[in-house]
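Next comes run-v6.tsv, a file with TSV, C-alpha atoms.
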chain	number	residue	atom	x	y	z
G	1	MET	CA	54.90	-122.81	59.59
G	2	SER	CA	55.54	-126.15	57.89
G	3	GLU	CA	54.65	-129.44	59.51
G	4	GLN	CA	58.35	-130.35	59.87
G	5	GLU	CA	59.20	-127.00	61.44
G	6	GLN	CA	56.37	-127.45	63.93
G	7	ALA	CA	57.61	-130.97	64.66
G	8	GLU	CA	61.17	-129.73	65.33
G	9	ARG	CA	59.81	-127.20	67.81
G	10	THR	CA	57.81	-129.74	69.81
G	11	VAL	CA	60.59	-132.30	70.29
G	12	GLY	CA	61.65	-130.92	73.71
G	13	GLU	CA	58.28	-131.61	75.33
G	14	PHE	CA	59.64	-134.32	77.62
G	15	THR	CA	61.88	-134.84	80.63
G	16	LEU	CA	64.22	-137.62	81.75
G	17	ALA	CA	62.42	-139.38	84.60
G	18	ALA	CA	63.27	-142.43	86.69
G	19	PRO	CA	60.68	-145.24	86.58
G	20	VAL	CA	59.53	-144.78	90.18
G	21	SER	CA	58.45	-141.16	89.72
G	22	ALA	CA	57.23	-141.38	86.12
G	23	GLU	CA	53.58	-141.67	85.24
G	24	PRO	CA	52.75	-145.37	85.75
G	25	SER	CA	52.62	-147.29	82.49
G	26	ALA	CA	50.49	-150.02	84.05
G	27	PRO	CA	48.01	-149.73	86.91
G	28	LEU	CA	48.64	-151.43	90.22
G	29	PRO	CA	46.57	-154.56	90.87
G	30	TYR	CA	45.09	-152.61	93.82
G	31	PRO	CA	44.33	-148.92	94.32
G	32	VAL	CA	46.90	-146.54	95.81
G	33	PRO	CA	45.60	-145.89	99.34
G	34	GLU	CA	44.30	-142.46	100.20
G	35	PRO	CA	46.65	-140.70	102.62
G	36	ASP	CA	45.65	-140.64	106.28
G	37	GLU	CA	47.27	-137.22	106.61
G	38	GLN	CA	48.47	-134.54	104.18
G	39	TRP	CA	50.81	-131.71	105.15
G	40	GLU	CA	51.86	-128.56	103.36
G	41	LEU	CA	55.48	-127.63	104.12
G	42	PRO	CA	57.99	-124.99	103.01
G	43	ASN	CA	58.93	-125.96	99.40
G	44	GLY	CA	57.09	-129.28	99.66
G	45	PHE	CA	54.34	-131.47	101.02
G	46	VAL	CA	53.77	-134.88	102.58
G	47	HIS	CA	51.36	-137.80	102.28
G	48	VAL	CA	51.17	-140.06	105.34
G	49	VAL	CA	49.80	-143.61	105.15
G	50	TYR	CA	49.71	-145.35	108.53
G	51	GLY	CA	51.13	-148.80	109.04
G	52	GLU	CA	48.69	-151.66	109.51
G	53	GLY	CA	47.04	-151.44	112.92
G	54	ASN	CA	48.40	-147.94	113.65
G	55	ARG	CA	46.02	-145.13	114.61
G	56	GLY	CA	48.59	-142.44	114.08
G	57	ILE	CA	52.26	-142.02	113.20
G	58	THR	CA	54.01	-144.66	115.27
G	59	ARG	CA	57.05	-146.10	113.43
G	60	PRO	CA	57.77	-143.55	110.70
G	61	VAL	CA	59.76	-144.03	107.49
G	62	ILE	CA	60.25	-140.74	105.61
G	63	MET	CA	61.04	-141.18	101.90
G	64	ALA	CA	61.87	-138.27	99.59
G	65	ASP	CA	61.03	-138.03	95.89
G	66	GLY	CA	63.77	-137.69	93.26
G	67	PHE	CA	64.76	-135.43	90.34
G	68	ASN	CA	62.43	-134.30	87.58
G	69	LEU	CA	60.75	-131.09	86.44
G	70	GLY	CA	57.72	-129.65	88.24
G	71	LYS	CA	55.76	-130.68	91.29
G	72	SER	CA	55.96	-134.18	92.78
G	73	ASP	CA	53.06	-136.53	92.08
G	74	LEU	CA	52.96	-138.61	95.24
G	75	LYS	CA	50.23	-140.91	93.98
G	76	SER	CA	52.46	-141.88	91.03
G	77	LEU	CA	55.44	-142.16	93.37
G	78	TYR	CA	53.53	-144.54	95.66
G	79	ALA	CA	52.60	-146.65	92.65
G	80	GLY	CA	56.20	-146.64	91.40
G	81	LEU	CA	57.55	-147.76	94.77
G	82	ASP	CA	55.02	-150.59	95.05
G	83	ARG	CA	54.55	-151.81	91.47
G	84	ASP	CA	57.50	-154.10	90.74
G	85	HIS	CA	58.15	-155.14	94.33
G	86	PRO	CA	55.64	-154.09	97.04
G	87	LEU	CA	58.08	-152.11	99.20
G	88	LEU	CA	55.46	-149.79	100.69
G	89	SER	CA	52.87	-152.51	101.25
G	90	GLU	CA	55.50	-154.57	103.06
G	91	LEU	CA	56.56	-151.59	105.18
G	92	ARG	CA	52.96	-151.06	106.23
G	93	ARG	CA	52.41	-154.78	106.86
G	94	ARG	CA	55.31	-154.61	109.30
G	95	GLY	CA	53.68	-151.72	111.15
G	96	ARG	CA	55.75	-148.95	109.55
G	97	ASP	CA	54.16	-145.64	108.61
G	98	VAL	CA	54.87	-144.52	105.05
G	99	ILE	CA	55.64	-140.78	104.90
G	100	LEU	CA	56.20	-139.70	101.29
G	101	LEU	CA	57.90	-136.32	100.87
G	102	GLY	CA	57.23	-134.43	97.67
G	103	PHE	CA	58.56	-131.11	96.41
G	104	ASP	CA	56.84	-128.08	94.91
G	105	GLU	CA	59.63	-128.05	92.30
G	106	ARG	CA	61.67	-131.21	91.91
G	107	SER	CA	64.36	-129.40	89.93
G	108	ALA	CA	64.97	-126.80	92.66
G	109	SER	CA	68.31	-126.76	94.44
G	110	VAL	CA	69.14	-129.45	96.98
G	111	PRO	CA	69.38	-126.93	99.88
G	112	ASP	CA	65.97	-125.46	98.96
G	113	ASN	CA	64.28	-128.86	98.95
G	114	ALA	CA	66.15	-129.81	102.13
G	115	GLU	CA	64.00	-127.17	103.86
G	116	ALA	CA	60.99	-129.37	103.10
G	117	ALA	CA	62.83	-132.44	104.41
G	118	MET	CA	63.78	-130.69	107.67
G	119	ALA	CA	60.18	-129.56	108.16
G	120	ALA	CA	58.90	-133.10	107.47
G	121	ILE	CA	61.29	-134.56	110.07
G	122	MET	CA	60.28	-132.01	112.72
G	123	ARG	CA	56.56	-132.43	112.10
G	124	THR	CA	56.84	-136.22	112.16
G	125	SER	CA	58.56	-136.04	115.54
G	126	ALA	CA	55.94	-133.62	116.87
G	127	GLU	CA	52.95	-135.74	115.79
G	128	GLN	CA	54.37	-139.19	116.50
G	129	LEU	CA	52.78	-141.47	119.07
G	130	GLY	CA	55.52	-142.99	121.22
G	131	ASP	CA	59.25	-142.60	120.77
G	132	ALA	CA	60.30	-145.07	118.06
G	133	PRO	CA	63.28	-143.71	116.10
G	134	LEU	CA	62.83	-142.30	112.61
G	135	THR	CA	64.09	-143.75	109.34
G	136	VAL	CA	64.81	-141.02	106.78
G	137	GLY	CA	66.02	-141.35	103.21
G	138	GLY	CA	65.21	-140.90	99.58
G	139	PHE	CA	65.39	-142.08	96.00
G	140	SER	CA	67.82	-140.56	93.48
G	141	MET	CA	68.18	-136.86	94.32
G	142	GLY	CA	65.91	-137.44	97.35
G	143	GLY	CA	68.85	-139.24	98.97
G	144	LEU	CA	70.99	-136.11	98.53
G	145	VAL	CA	68.22	-133.86	99.86
G	146	THR	CA	67.75	-135.92	103.03
G	147	ARG	CA	71.52	-136.29	103.52
G	148	TYR	CA	71.86	-132.51	103.39
G	149	ALA	CA	68.85	-131.97	105.67
G	150	LEU	CA	70.07	-134.36	108.38
G	151	ALA	CA	73.64	-133.01	108.26
G	152	LYS	CA	72.35	-129.44	108.54
G	153	MET	CA	70.08	-130.32	111.47
G	154	GLU	CA	73.06	-131.83	113.29
G	155	MET	CA	75.14	-128.72	112.62
G	156	LEU	CA	72.30	-126.59	114.03
G	157	ARG	CA	72.01	-128.93	117.07
G	158	MET	CA	68.46	-129.88	116.10
G	159	ASP	CA	67.30	-133.28	117.34
G	160	HIS	CA	66.24	-135.20	114.23
G	161	ARG	CA	65.70	-138.45	116.20
G	162	THR	CA	66.80	-140.41	113.13
G	163	ARG	CA	68.48	-143.74	113.72
G	164	LEU	CA	68.75	-144.80	110.06
G	165	TYR	CA	69.48	-142.79	106.92
G	166	PHE	CA	69.26	-144.53	103.54
G	167	SER	CA	69.87	-143.47	99.97
G	168	TYR	CA	68.52	-145.44	97.03
G	169	ASP	CA	70.69	-145.02	93.90
G	170	SER	CA	71.56	-141.44	94.83
G	171	PRO	CA	74.41	-139.66	92.99
G	172	HIS	CA	76.76	-138.88	95.90
G	173	ARG	CA	79.73	-138.52	93.54
G	174	GLY	CA	77.65	-137.24	90.60
G	175	ALA	CA	75.22	-138.48	87.94
G	176	PHE	CA	75.68	-138.53	84.16
G	177	VAL	CA	73.41	-137.43	81.34
G	178	PRO	CA	75.24	-137.76	78.00
G	179	ILE	CA	76.72	-134.40	76.98
G	180	GLY	CA	75.26	-134.71	73.49
G	181	LEU	CA	71.77	-135.04	74.96
G	182	GLN	CA	72.31	-132.04	77.22
G	183	ALA	CA	73.47	-129.99	74.22
G	184	PHE	CA	70.52	-131.15	72.10
G	185	ALA	CA	68.08	-129.82	74.72
G	186	HIS	CA	69.34	-126.31	73.91
G	187	PHE	CA	69.71	-126.95	70.16
G	188	ILE	CA	65.92	-127.14	69.92
G	189	PRO	CA	65.10	-123.61	68.69
G	190	VAL	CA	62.40	-122.79	71.27
G	191	PRO	CA	62.27	-122.93	75.09
G	192	ASN	CA	61.26	-126.43	76.15
G	193	PRO	CA	60.83	-128.59	79.28
G	194	PHE	CA	63.87	-130.77	78.53
G	195	ALA	CA	66.13	-127.71	78.34
G	196	ARG	CA	64.66	-126.34	81.58
G	197	GLN	CA	65.30	-129.66	83.30
G	198	MET	CA	68.90	-129.92	82.04
G	199	ASN	CA	69.73	-126.36	83.10
G	200	SER	CA	67.83	-126.42	86.41
G	201	PRO	CA	69.51	-125.77	89.77
G	202	ALA	CA	69.24	-129.46	90.72
G	203	ALA	CA	70.79	-130.63	87.42
G	204	ARG	CA	73.65	-128.16	87.72
G	205	GLN	CA	74.35	-129.39	91.26
G	206	MET	CA	73.90	-133.12	90.64
G	207	LEU	CA	75.47	-133.77	87.22
G	208	TRP	CA	79.16	-134.74	87.17
G	209	ARG	CA	79.63	-132.60	84.04
G	210	HIS	CA	77.24	-130.03	82.67
G	211	TYR	CA	76.75	-128.41	79.24
G	212	ASP	CA	76.37	-124.67	79.68
G	213	PRO	CA	73.89	-123.35	77.09
G	214	GLY	CA	75.19	-119.78	77.38
G	215	THR	CA	78.83	-120.50	76.62
G	216	GLY	CA	78.74	-123.98	75.13
G	217	GLU	CA	81.36	-124.99	77.67
G	218	ILE	CA	81.40	-128.45	79.22
G	219	GLY	CA	82.61	-128.76	82.77
G	220	ILE	CA	81.73	-128.76	86.45
G	221	ALA	CA	78.89	-126.27	86.91
G	222	PRO	CA	79.67	-123.47	89.39
G	223	GLU	CA	76.50	-124.47	91.23
G	224	ARG	CA	77.93	-127.96	91.77
G	225	GLU	CA	81.15	-126.56	93.18
G	226	GLN	CA	79.19	-124.28	95.51
G	227	PHE	CA	76.90	-127.13	96.60
G	228	LEU	CA	79.82	-129.44	97.40
G	229	GLU	CA	81.48	-126.64	99.40
G	230	GLU	CA	78.26	-126.01	101.32
G	231	LEU	CA	77.79	-129.72	101.96
G	232	ALA	CA	81.33	-129.92	103.36
G	233	ARG	CA	80.67	-126.85	105.52
G	234	ILE	CA	77.73	-128.54	107.26
G	235	GLY	CA	79.70	-131.73	107.88
G	236	GLY	CA	79.20	-133.65	104.63
G	237	TRP	CA	77.10	-136.41	106.18
G	238	PRO	CA	74.84	-136.92	109.17
G	239	SER	CA	76.98	-138.59	111.84
G	240	ILE	CA	74.31	-139.78	114.28
G	241	PRO	CA	72.22	-142.22	112.18
G	242	ARG	CA	73.49	-145.43	110.64
G	243	ARG	CA	74.00	-144.77	106.92
G	244	LEU	CA	72.87	-147.28	104.28
G	245	ALA	CA	73.19	-147.11	100.48
G	246	LEU	CA	71.54	-149.14	97.76
G	247	ALA	CA	72.81	-149.16	94.16
G	248	ASN	CA	70.85	-150.32	91.11
G	249	GLY	CA	74.13	-151.08	89.33
G	250	ARG	CA	76.36	-154.06	89.84
G	251	GLY	CA	79.28	-154.16	92.26
G	252	ASP	CA	81.62	-156.47	90.32
G	253	GLY	CA	82.81	-153.88	87.82
G	254	THR	CA	80.50	-155.18	85.07
G	255	GLY	CA	78.52	-152.54	83.24
G	256	LEU	CA	76.36	-152.47	80.13
G	257	THR	CA	77.51	-153.91	76.82
G	258	ILE	CA	77.99	-150.51	75.19
G	259	PRO	CA	81.16	-150.14	73.13
G	260	PRO	CA	82.56	-146.59	73.28
G	261	GLY	CA	82.31	-144.34	70.21
G	262	GLU	CA	79.40	-146.23	68.62
G	263	SER	CA	76.19	-144.71	67.31
G	264	ALA	CA	73.68	-144.56	70.16
G	265	LEU	CA	70.87	-142.89	68.20
G	266	LYS	CA	70.53	-141.76	64.58
G	267	VAL	CA	67.72	-139.47	63.48
G	268	GLY	CA	66.08	-138.86	60.07
G	269	ARG	CA	63.34	-136.63	58.59
G	270	ILE	CA	63.20	-134.33	61.65
G	271	TYR	CA	66.61	-133.07	62.76
G	272	PRO	CA	67.84	-135.17	59.80
G	273	GLY	CA	71.37	-136.46	60.13
G	274	THR	CA	71.56	-135.85	63.88
G	275	THR	CA	73.60	-138.62	65.48
G	276	PHE	CA	74.55	-139.30	69.09
G	277	TYR	CA	77.59	-141.44	69.95
G	278	THR	CA	78.42	-143.41	73.08
G	279	GLN	CA	81.01	-141.80	75.31
G	280	ALA	CA	84.63	-142.73	74.56
G	281	GLN	CA	87.90	-141.77	76.22
G	282	GLY	CA	90.39	-139.36	74.66
G	283	LYS	CA	90.67	-135.82	73.33
G	284	ASP	CA	88.19	-134.09	71.02
G	285	VAL	CA	85.86	-137.09	71.11
G	286	ILE	CA	82.71	-136.49	69.06
G	287	VAL	CA	79.63	-137.33	71.14
G	288	ALA	CA	76.97	-135.70	68.94
G	289	GLU	CA	76.47	-134.21	65.50
G	290	LEU	CA	73.41	-131.99	65.76
G	291	LYS	CA	71.55	-130.82	62.65
G	292	ARG	CA	68.29	-128.94	62.21
G	293	ARG	CA	66.40	-127.27	59.36
G	294	PHE	CA	64.43	-124.54	61.11
G	295	PRO	CA	66.42	-122.32	61.32
G	296	PRO	CA	69.23	-124.23	59.62
G	297	ALA	CA	72.12	-125.06	61.93
G	298	GLU	CA	74.75	-127.69	62.57
G	299	LYS	CA	76.81	-128.27	65.68
G	300	THR	CA	79.43	-130.87	66.61
G	301	ILE	CA	79.74	-131.62	70.33
G	302	THR	CA	83.06	-132.97	71.63
G	303	THR	CA	84.44	-133.98	75.02
G	304	ASN	CA	87.93	-134.26	76.47
G	305	ASP	CA	89.26	-136.81	78.95
G	306	PHE	CA	85.92	-138.40	79.86
G	307	PRO	CA	85.80	-142.05	80.97
G	308	GLU	CA	83.43	-144.45	79.19
G	309	LEU	CA	80.40	-143.40	81.20
G	310	ASP	CA	77.52	-144.73	79.10
G	311	GLY	CA	78.45	-148.37	79.68
G	312	ALA	CA	79.65	-147.99	83.26
G	313	PRO	CA	78.31	-150.17	86.10
G	314	GLY	CA	75.34	-148.29	87.50
G	315	GLY	CA	71.62	-147.66	87.59
G	316	THR	CA	70.38	-147.01	84.06
G	317	LEU	CA	68.09	-144.44	82.50
G	318	ARG	CA	66.41	-144.75	79.08
G	319	SER	CA	68.09	-141.48	78.17
G	320	TYR	CA	68.33	-142.13	74.42
G	321	GLY	CA	65.17	-144.24	74.41
G	322	ILE	CA	63.04	-141.43	75.86
G	323	LEU	CA	64.35	-139.00	73.22
G	324	ALA	CA	63.83	-141.59	70.45
G	325	ASP	CA	60.21	-142.09	71.56
G	326	THR	CA	59.59	-138.34	71.47
G	327	LEU	CA	61.23	-137.90	68.06
G	328	LYS	CA	59.28	-140.83	66.61
G	329	LYS	CA	56.03	-139.35	67.90
G	330	ALA	CA	56.93	-136.11	66.11
G	331	GLY	CA	57.38	-138.00	62.83
G	332	ALA	CA	61.11	-138.66	62.82
G	333	GLU	CA	62.83	-141.82	61.67
G	334	VAL	CA	64.94	-143.14	64.54
G	335	ASP	CA	67.59	-145.80	64.84
G	336	PRO	CA	68.22	-146.29	68.58
G	337	ARG	CA	71.14	-148.65	69.18
G	338	HIS	CA	71.59	-148.02	72.92
G	339	GLU	CA	68.37	-146.82	74.52
G	340	SER	CA	69.51	-147.16	78.14
G	341	VAL	CA	72.81	-145.90	79.51
G	342	CYS	CA	74.34	-145.47	82.95
G	343	PHE	CA	72.85	-142.59	84.94
G	344	VAL	CA	74.17	-143.11	88.50
G	345	PRO	CA	77.40	-145.13	88.55
G	346	SER	CA	77.57	-147.77	91.29
G	347	VAL	CA	80.68	-146.20	92.82
G	348	SER	CA	78.78	-142.91	93.11
G	349	ALA	CA	75.69	-144.52	94.64
G	350	VAL	CA	77.71	-146.17	97.41
G	351	ALA	CA	80.18	-143.24	97.71
G	352	ILE	CA	83.33	-145.33	97.39
G	353	ARG	CA	85.08	-143.74	94.38
G	354	ASP	CA	84.85	-140.60	92.25
G	355	ILE	CA	83.81	-141.11	88.64
G	356	ASP	CA	86.45	-139.00	86.86
G	357	GLN	CA	88.81	-141.90	86.05
G	358	GLN	CA	88.09	-145.06	84.08
G	359	LYS	CA	89.71	-147.31	86.71
G	360	ASP	CA	87.57	-145.85	89.50
G	361	LEU	CA	84.35	-145.76	87.46
G	362	TYR	CA	84.73	-149.47	86.63
G	363	ALA	CA	86.17	-150.50	90.02
G	364	ASN	CA	85.22	-153.92	91.35
G	365	ILE	CA	83.46	-152.69	94.49
G	366	ASP	CA	83.08	-156.24	95.78
G	367	ASP	CA	86.89	-156.47	96.06
G	368	LEU	CA	87.34	-153.11	97.82
G	369	PRO	CA	87.52	-152.79	101.61
G	370	PRO	CA	83.94	-151.80	102.54
G	371	GLU	CA	85.24	-149.18	104.98
G	372	GLU	CA	86.40	-147.14	101.97
G	373	SER	CA	82.74	-146.25	101.40
G	374	GLU	CA	81.28	-143.28	103.25
G	375	PHE	CA	78.38	-145.55	104.23
G	376	ASP	CA	78.20	-147.95	107.16
G	377	ASP	CA	76.71	-150.63	104.94
G	378	PHE	CA	75.67	-150.88	101.31
G	379	ILE	CA	74.41	-153.24	98.63
G	380	CYS	CA	74.96	-153.29	94.88
G	381	SER	CA	72.46	-155.08	92.67
G	382	SER	CA	73.45	-158.53	91.43
G	383	ALA	CA	72.19	-157.49	87.97
G	384	THR	CA	72.11	-154.12	86.22
G	385	THR	CA	68.71	-152.55	86.87
G	386	ALA	CA	66.99	-149.27	86.05
G	387	HIS	CA	67.78	-146.25	88.20
G	388	THR	CA	65.69	-146.41	91.43
G	389	ALA	CA	63.93	-149.62	90.33
G	390	ILE	CA	62.53	-151.40	93.39
G	391	THR	CA	63.66	-155.01	93.17
G	392	GLN	CA	63.06	-157.86	95.58
G	393	GLU	CA	66.80	-158.09	96.29
G	394	LEU	CA	67.21	-154.42	97.20
G	395	GLY	CA	63.81	-153.98	98.83
G	396	GLU	CA	64.24	-156.90	101.21
G	397	TRP	CA	67.80	-155.85	102.07
G	398	LEU	CA	66.51	-152.45	103.17
G	399	LEU	CA	63.49	-153.82	105.06
G	400	ASP	CA	65.69	-156.22	107.02
G	401	ARG	CA	67.89	-153.35	108.25
G	402	LEU	CA	65.25	-150.95	109.55
G	403	PRO	CA	65.66	-150.08	113.25
G	404	ASP	CA	63.39	-151.69	115.86
Let me see the file written as structure tokens.
Amino acid sequence: MSEQEQAERTVGEFTLAAPVSAEPSAPLPYPVPEPDEQWELPNGFVHVVYGEGNRGITRPVIMADGFNLGKSDLKSLYAGLDRDHPLLSELRRRGRDVILLGFDERSASVPDNAEAAMAAIMRTSAEQLGDAPLTVGGFSMGGLVTRYALAKMEMLRMDHRTRLYFSYDSPHRGAFVPIGLQAFAHFIPVPNPFARQMNSPAARQMLWRHYDPGTGEIGIAPEREQFLEELARIGGWPSIPRRLALANGRGDGTGLTIPPGESALKVGRIYPGTTFYTQAQGKDVIVAELKRRFPPAEKTITTNDFPELDGAPGGTLRSYGILADTLKKAGAEVDPRHESVCFVPSVSAVAIRDIDQQKDLYANIDDLPPEESEFDDFICSSATTAHTAITQELGEWLLDRLPD
């Protein structure tokens, strides 16, 4: 096997991960505390770190991990949630107990991982000292998992004792990974982690549109339709707790400066001639020209009637940047023009509009009646920030709204 053929085969050895759950690029200026308690749960597990001065679980805040491939790394998650703005340290300073919920498989279906969330809520209630209400929420897909868990508990008449539910840049109306990138995952001629992530149960439920590797069709995955039907069946939302949403994207309709139909990433030497384009509106819009040498193949990926999603207001992911880094490591020449694109549109994060239409995707949320959101209160970032990034603005907004 030639060096270039080997390089083409290894390109899929990565996944798209949000900054908070990725391996930390820089260490914290202090060590991540050892958990005071660790629990094994159905489909997941928990690390508990008591609030300052607490001798047990007293004022609990349950926070669920987000979407990736494989088992949660709660030490990395703690670091991610405390690195840029010390959200967890501040919670603990205020006497709140940090209860991090991880999953055995982060790409499992939302209902499967909701079993872990339900178990975490019940165990927290059982072990808690006193009767302070619970705060329950999550980051990215973790906000969907906890939404589903709380709604299901209410349908089953289970007392979740939760006064506040929050979601942090969660895709309530869908998330977007560029279709060309999804297709490329399966264009790599060997099974690979990126392809497994893109075709996982969670991806098929969460993504607004999905590339089906079996048929090559682009559309709403059947698993997403089934999930939305099941969510509606259990009530859609928990009705007892106050519901808060935080969005990493802006609320004034301003997105990224990404013109539609431009080159986002060009590749040479390995997968030579492969080019990804930013999403444009219209029919038969080319979003990727995929080319490989081993075995030789070419494929043009087109979309129909998509809005301009890459530049939409929303929390961003280094979708093209992560692929460019991996290709470069494998020996490719790369020309990344737009490394970061929208992953969770702001209107999706605060559940105020669907993302099918350009006018809704780019809506000025600040000018909309807030009661049009499915949340009781929400905040959009004043500047475009990375998906699930913990900023001072968003972190302090959440801390100031926790129940007494």
Would you list the contacts of Val145 in chain G as a PDB file with C-alpha atoms, in the coordinates of the input, taking every protein, DNA or RNA residue within 8 Å and counting all atoms listed in the file, but skipping same-chain residues closer than 2 positions in sequence?
ATOM      1  CA  ALA G  64      61.870-138.270  99.590  1.00  0.00           C
ATOM      2  CA  VAL G 110      69.140-129.450  96.980  1.00  0.00           C
ATOM      3  CA  PRO G 111      69.380-126.930  99.880  1.00  0.00           C
ATOM      4  CA  ASN G 113      64.280-128.860  98.950  1.00  0.00           C
ATOM      5  CA  ALA G 114      66.150-129.810 102.130  1.00  0.00           C
ATOM      6  CA  ALA G 117      62.830-132.440 104.410  1.00  0.00           C
ATOM      7  CA  GLY G 138      65.210-140.900  99.580  1.00  0.00           C
ATOM      8  CA  MET G 141      68.180-136.860  94.320  1.00  0.00           C
ATOM      9  CA  GLY G 142      65.910-137.440  97.350  1.00  0.00           C
ATOM     10  CA  GLY G 143      68.850-139.240  98.970  1.00  0.00           C
ATOM     11  CA  ARG G 147      71.520-136.290 103.520  1.00  0.00           C
ATOM     12  CA  TYR G 148      71.860-132.510 103.390  1.00  0.00           C
ATOM     13  CA  ALA G 149      68.850-131.970 105.670  1.00  0.00           C
TER      14      ALA G 149
END
task = Quick one: residues within 6 Å of (76.2, -152.1, 97.5) (file frame), counting all atoms listed in the file, please, as a VMD selection string.
result = chain G and resid 246 to 247 378 to 380
I need the chosen residues saved as a PDB file, in the frame of the given file, with C-alpha atoms.
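Saved to selection.pdb:
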ATOM      1  CA  LEU G 246      71.540-149.140  97.760  1.00  0.00           C
ATOM      2  CA  ALA G 247      72.810-149.160  94.160  1.00  0.00           C
ATOM      3  CA  PHE G 378      75.670-150.880 101.310  1.00  0.00           C
ATOM      4  CA  ILE G 379      74.410-153.240  98.630  1.00  0.00           C
ATOM      5  CA  CYS G 380      74.960-153.290  94.880  1.00  0.00           C
TER       6      CYS G 380
END
inquiry  = Nearest residue to Val61 in chain G out of G:Ala349, G:Leu100, G:Val341, G:Ala195, using all atoms listed in the file?
reply    = G:Leu100
task = Rank nothing, just name the residue among G:Leu101, G:Leu181, G:Ala245, G:Ile301 nearest to Val350 in chain G, using all atoms listed in the file.
result =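 So, comparing all the options, the nearest one is G:Ala245.
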Excluding Leu368 in chain G and residues on its chain fewer than 2 positions from it, collect all residues at most 12 Å away from it, counting only C-alpha atoms, and give them as a short mmCIF file (atom, residue, chain, number, x, y, z; two decimals) with C-alpha atoms, in the coordinates of the input.
data_model
loop_
_atom_site.label_atom_id
_atom_site.label_comp_id
_atom_site.auth_asym_id
_atom_site.auth_seq_id
_atom_site.Cartn_x
_atom_site.Cartn_y
_atom_site.Cartn_z
CA GLY G 251 79.28 -154.16 92.26
CA ASP G 252 81.62 -156.47 90.32
CA GLY G 253 82.81 -153.88 87.82
CA VAL G 347 80.68 -146.20 92.82
CA VAL G 350 77.71 -146.17 97.41
CA ILE G 352 83.33 -145.33 97.39
CA ARG G 353 85.08 -143.74 94.38
CA ASP G 360 87.57 -145.85 89.50
CA ALA G 363 86.17 -150.50 90.02
CA ASN G 364 85.22 -153.92 91.35
CA ILE G 365 83.46 -152.69 94.49
CA ASP G 366 83.08 -156.24 95.78
CA PRO G 370 83.94 -151.80 102.54
CA GLU G 371 85.24 -149.18 104.98
CA GLU G 372 86.40 -147.14 101.97
CA SER G 373 82.74 -146.25 101.40
#
query = Do you know which residues are at most 6 Å from Gly137 in chain G counting only C-alpha atoms, after dropping those on the same chain fewer than 3 positions away, and could you put them as a list of chain:residue names?
reply = G:Met63, G:Gly143, G:Thr146, G:Tyr165, G:Phe166, G:Ser167
inquiry  = My list of candidates is G:Gly80, G:Gly235, G:Gly53, G:Gly102. Which is closest to Glu40 in chain G when distances are computed with only C-alpha atoms?
reply    = G:Gly102
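Atom pair CA of Met118 in chain G / CA of Arg161 in chain G: separated by 11.7 Å.
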ask   = From the set G:Asp112, G:Asp310, G:Asp169, G:Glu37, which residue has the shortest atom-to-atom contact distance to Val20 in chain G, counting all atoms listed in the file?
value = G:Asp169
query = What is the distance between CA of Glu5 in chain G and CA of Gly214 in chain G, in Å to one decimal?
reply = 23.7 Å
request  = Would you mind reading off the distance between CA of Asp404 in chain G and CA of Glu374 in chain G, one decimal, in Å?
outcome  = 23.4 Å
ask   = Using all atoms listed in the file, which residues sit within 8 Å of range 255-270 of chain G once same-chain residues fewer than 2 positions away are excluded, as a PyMOL selection string?
value = chain G and resi 4+7-8+249-250+253+272-281+286-287+292+308+310-314+320+324+327+330-339+341-342+362+384
task = Select, from G:Ser107, G:Arg55, G:Gly174, G:Tyr30, the residue with the minimum atom-to-atom distance to Pro86 in chain G, counting all atoms listed in the file.
result = G:Tyr30
inquiry  = I want to know what sits within 12 Å of Glu393 in chain G, based on only C-alpha atoms, with residues of the same chain fewer than 4 positions away left out; could you give that as a count of residues only?
reply    = 18
Selected residue of minimal separation from Gly51 in chain G among G:Asp97, G:Pro29, G:Gly70, G:Trp39, counting only C-alpha atoms =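 Counting only C-alpha atoms, the residue closest to Gly51 in chain G is G:Asp97.
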So that all listed atoms of range 309-328 of chain G fit with 3 Å spare on each side, what axis-aligned box centre and edge lengths in Å, to one decimal, would you give as JSON?
{"center_x": 69.8, "center_y": -144.0, "center_z": 77.1, "size_x": 27.1, "size_y": 18.3, "size_z": 27.0}
message = Counting all atoms listed in the file, find residues at most 10 Å from (63.0, -126.4, 74.3) (file frame) and give them as a list in words.
response =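 Those within range, by chain then number, are Glu8, Arg9, Thr10, Val11, Gly12, Glu13, Phe14, Phe184, Ala185, His186, Phe187, Ile188, Pro189, Val190, Pro191, Asn192, Pro193, Phe194, Ala195, Arg196 and Gln197 of chain G.
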